[in-house]
Amino acid sequence: LIVEDEEVLLELLVYRFERAGFKVFSAMSGPEACDQIGRRRPDVVLMDVLLPQLTGLDVLEMLRKHPEPKVAATPVIIVTAQTSPDTMRRSLQLGADSFQLKPYSIADLVLRSCLLIKQHREKFNRNLSS
């Protein structure tokens, strides 16, 4: 799931992730992101901080409180143009798996997404077999 309110950037990210083999869903606001997470159960969420109606950090906080452990543990990469140390600290305190300042390398985000998905699957496969 890619959550970005800048339409041109969202289209570019969707295109690049699809070319890398991802099945991509997108959202342009906090409430839309919550809806997509609830319906789609994404393997990873790439989330901007500054979003309409609910911030990316609000969405992250709600996600981490989800009643299903596997959904609550969905890997989240926070992306933002905000350089405030408070934003980074708050993201990590809320459970972000990664934090990336804009501008960023899309290739690096694709790679990081792949690694986080692999780690998430290994963790839950290990828990199922225990």
# chains A, B, ... in the order shown; residues from 1 in each chain; ligands from 1

call {"tool": "closest_atom_pairs", "arguments": {"of": "range 15-57 of chain A", "to": "range 102-107 of chain A", "cutoff": "10 Å", "atoms": "only C-alpha atoms", "output": "JSON lines"}}
result
{"residue": "A:Arg16", "atom": "CA", "partner": "A:Ile106", "partner_atom": "CA", "distance": 7.5}
{"residue": "A:Phe17", "atom": "CA", "partner": "A:Ile106", "partner_atom": "CA", "distance": 8.5}
{"residue": "A:Ala20", "atom": "CA", "partner": "A:Ala107", "partner_atom": "CA", "distance": 9.1}
{"residue": "A:Asp48", "atom": "CA", "partner": "A:Lys102", "partner_atom": "CA", "distance": 9.7}

call {"tool": "write_last_selection", "arguments": {"atoms": "C-alpha atoms", "output": "compact mmCIF listing (two decimals), in the first residue's frame"}}
result
# COMPACT_ATOMS: atom_id res chain seq x y z
CA ARG A 16 7.90 1.78 -10.16
CA PHE A 17 6.60 -0.69 -7.57
CA ALA A 20 9.29 -4.33 -9.59
CA ASP A 48 3.74 9.86 3.91

call {"tool": "residues_around", "arguments": {"residues": "Gly30 in chain A", "least_positions_apart": "6", "cutoff": "7 Å", "atoms": "only C-alpha atoms", "output": "list in words"}}
result
Leu51, Pro52, Gln53, Leu54, Thr55, Gly56 and Val59 of chain A

call {"tool": "write_last_selection", "arguments": {"atoms": "all heavy atoms", "output": "PDB file, in the first residue's frame"}}
result
ATOM      1  N   LEU A  51      -0.724  14.057   5.519  1.00  0.00           N
ATOM      2  CA  LEU A  51      -1.857  13.587   4.732  1.00  0.00           C
ATOM      3  C   LEU A  51      -3.106  14.355   5.158  1.00  0.00           C
ATOM      4  O   LEU A  51      -3.184  14.821   6.291  1.00  0.00           O
ATOM      5  CB  LEU A  51      -2.100  12.090   4.985  1.00  0.00           C
ATOM      6  CG  LEU A  51      -1.004  11.131   4.598  1.00  0.00           C
ATOM      7  CD1 LEU A  51      -1.302   9.739   5.155  1.00  0.00           C
ATOM      8  CD2 LEU A  51      -0.867  11.075   3.080  1.00  0.00           C
ATOM      9  N   PRO A  52      -4.095  14.438   4.265  1.00  0.00           N
ATOM     10  CA  PRO A  52      -5.351  15.083   4.650  1.00  0.00           C
ATOM     11  C   PRO A  52      -6.115  14.258   5.685  1.00  0.00           C
ATOM     12  O   PRO A  52      -6.080  13.030   5.659  1.00  0.00           O
ATOM     13  CB  PRO A  52      -6.140  15.134   3.333  1.00  0.00           C
ATOM     14  CG  PRO A  52      -5.183  14.838   2.245  1.00  0.00           C
ATOM     15  CD  PRO A  52      -4.045  14.085   2.854  1.00  0.00           C
ATOM     16  N   GLN A  53      -6.783  14.929   6.578  1.00  0.00           N
ATOM     17  CA  GLN A  53      -7.717  14.392   7.568  1.00  0.00           C
ATOM     18  C   GLN A  53      -7.041  13.651   8.718  1.00  0.00           C
ATOM     19  O   GLN A  53      -7.341  13.923   9.863  1.00  0.00           O
ATOM     20  CB  GLN A  53      -8.791  13.535   6.910  1.00  0.00           C
ATOM     21  CG  GLN A  53      -9.603  14.333   5.905  1.00  0.00           C
ATOM     22  CD  GLN A  53     -10.415  13.470   4.986  1.00  0.00           C
ATOM     23  OE1 GLN A  53     -10.176  12.281   4.866  1.00  0.00           O
ATOM     24  NE2 GLN A  53     -11.375  14.077   4.324  1.00  0.00           N
ATOM     25  N   LEU A  54      -6.204  12.700   8.461  1.00  0.00           N
ATOM     26  CA  LEU A  54      -5.410  12.004   9.481  1.00  0.00           C
ATOM     27  C   LEU A  54      -3.976  11.988   8.989  1.00  0.00           C
ATOM     28  O   LEU A  54      -3.729  11.719   7.821  1.00  0.00           O
ATOM     29  CB  LEU A  54      -5.859  10.546   9.645  1.00  0.00           C
ATOM     30  CG  LEU A  54      -7.204  10.241  10.262  1.00  0.00           C
ATOM     31  CD1 LEU A  54      -7.521   8.756  10.124  1.00  0.00           C
ATOM     32  CD2 LEU A  54      -7.218  10.627  11.725  1.00  0.00           C
ATOM     33  N   THR A  55      -3.028  12.217   9.878  1.00  0.00           N
ATOM     34  CA  THR A  55      -1.635  12.153   9.443  1.00  0.00           C
ATOM     35  C   THR A  55      -1.208  10.697   9.296  1.00  0.00           C
ATOM     36  O   THR A  55      -1.864   9.782   9.807  1.00  0.00           O
ATOM     37  CB  THR A  55      -0.699  12.830  10.465  1.00  0.00           C
ATOM     38  OG1 THR A  55      -0.652  12.025  11.649  1.00  0.00           O
ATOM     39  CG2 THR A  55      -1.132  14.253  10.778  1.00  0.00           C
ATOM     40  N   GLY A  56      -0.090  10.503   8.625  1.00  0.00           N
ATOM     41  CA  GLY A  56       0.476   9.167   8.528  1.00  0.00           C
ATOM     42  C   GLY A  56       0.801   8.589   9.893  1.00  0.00           C
ATOM     43  O   GLY A  56       0.685   7.382  10.114  1.00  0.00           O
ATOM     44  N   VAL A  59      -2.379   7.212  11.383  1.00  0.00           N
ATOM     45  CA  VAL A  59      -2.695   5.923  10.766  1.00  0.00           C
ATOM     46  C   VAL A  59      -1.791   4.841  11.340  1.00  0.00           C
ATOM     47  O   VAL A  59      -2.246   3.741  11.685  1.00  0.00           O
ATOM     48  CB  VAL A  59      -2.571   5.988   9.225  1.00  0.00           C
ATOM     49  CG1 VAL A  59      -2.775   4.604   8.601  1.00  0.00           C
ATOM     50  CG2 VAL A  59      -3.563   6.993   8.645  1.00  0.00           C
TER      51      VAL A  59
END

call {"tool": "residues_around", "arguments": {"residues": "Ser113 in chain A", "least_positions_apart": "2", "cutoff": "12 Å", "atoms": "only C-alpha atoms", "output": "count of residues only"}}
result
33

call {"tool": "atom_distance", "arguments": {"atom1": "CA of Ala72 in chain A", "atom2": "CA of Leu12 in chain A"}}
result
27.4 Å

call {"tool": "select_by_dssp", "arguments": {"residues": "chain A", "states": "strand (DSSP E or B)", "output": "number ranges by chain"}}
result
A: 2-3, 26-27, 45-48, 76-80, 98-101

call {"tool": "write_last_selection", "arguments": {"atoms": "N, CA, C and O atoms", "output": "tab-separated table (two decimals), in the first residue's frame"}}
result
chain	number	residue	atom	x	y	z
A	2	ILE	N	0.65	2.13	-0.93
A	2	ILE	CA	1.39	3.39	-0.99
A	2	ILE	C	0.42	4.51	-0.62
A	2	ILE	O	-0.62	4.66	-1.25
A	3	VAL	N	0.77	5.26	0.42
A	3	VAL	CA	-0.07	6.35	0.91
A	3	VAL	C	0.69	7.65	0.69
A	3	VAL	O	1.68	7.93	1.37
A	26	SER	N	-3.26	1.98	-3.46
A	26	SER	CA	-2.85	3.33	-3.09
A	26	SER	C	-3.95	4.05	-2.34
A	26	SER	O	-5.13	3.69	-2.42
A	27	ALA	N	-3.53	5.08	-1.62
A	27	ALA	CA	-4.45	5.94	-0.88
A	27	ALA	C	-3.84	7.34	-0.86
A	27	ALA	O	-2.62	7.49	-0.86
A	45	VAL	N	3.46	-1.10	4.06
A	45	VAL	CA	2.84	0.20	3.84
A	45	VAL	C	3.95	1.24	3.73
A	45	VAL	O	4.81	1.34	4.61
A	46	LEU	N	3.92	1.97	2.63
A	46	LEU	CA	4.81	3.11	2.41
A	46	LEU	C	3.95	4.34	2.67
A	46	LEU	O	3.00	4.58	1.93
A	47	MET	N	4.23	5.10	3.74
A	47	MET	CA	3.30	6.13	4.17
A	47	MET	C	3.94	7.49	4.37
A	47	MET	O	4.90	7.63	5.12
A	48	ASP	N	3.36	8.48	3.69
A	48	ASP	CA	3.74	9.86	3.91
A	48	ASP	C	3.23	10.30	5.28
A	48	ASP	O	2.27	9.73	5.79
A	76	VAL	N	5.89	-0.90	8.11
A	76	VAL	CA	5.57	0.46	7.68
A	76	VAL	C	6.86	1.23	7.47
A	76	VAL	O	7.71	1.29	8.36
A	77	ILE	N	6.96	1.83	6.28
A	77	ILE	CA	8.06	2.74	5.97
A	77	ILE	C	7.46	4.14	5.94
A	77	ILE	O	6.58	4.42	5.13
A	78	ILE	N	7.90	4.99	6.83
A	78	ILE	CA	7.45	6.38	6.86
A	78	ILE	C	8.33	7.20	5.93
A	78	ILE	O	9.56	7.12	6.01
A	79	VAL	N	7.70	7.96	5.06
A	79	VAL	CA	8.44	8.87	4.17
A	79	VAL	C	7.92	10.29	4.41
A	79	VAL	O	6.72	10.49	4.56
A	80	THR	N	8.83	11.23	4.47
A	80	THR	CA	8.42	12.60	4.76
A	80	THR	C	9.47	13.60	4.31
A	80	THR	O	10.64	13.26	4.22
A	98	SER	N	10.83	1.67	9.36
A	98	SER	CA	11.86	2.39	8.64
A	98	SER	C	11.39	3.84	8.46
A	98	SER	O	10.19	4.11	8.48
A	99	PHE	N	12.32	4.73	8.29
A	99	PHE	CA	12.03	6.15	8.14
A	99	PHE	C	12.89	6.67	7.00
A	99	PHE	O	14.10	6.44	6.99
A	100	GLN	N	12.27	7.36	6.05
A	100	GLN	CA	13.01	7.84	4.89
A	100	GLN	C	12.65	9.29	4.60
A	100	GLN	O	11.47	9.62	4.44
A	101	LEU	N	13.66	10.16	4.55
A	101	LEU	CA	13.44	11.56	4.21
A	101	LEU	C	13.31	11.72	2.70
A	101	LEU	O	13.99	11.03	1.93

call {"tool": "atom_distance", "arguments": {"atom1": "CA of Glu4 in chain A", "atom2": "CA of Pro69 in chain A"}}
result
25.1 Å

call {"tool": "select_by_dssp", "arguments": {"residues": "chain A", "states": "alpha helix (DSSP H)", "output": "NGL selection string"}}
result
:A and (7-19 or 30-40 or 56-64 or 69-72 or 85-93 or 106-129)
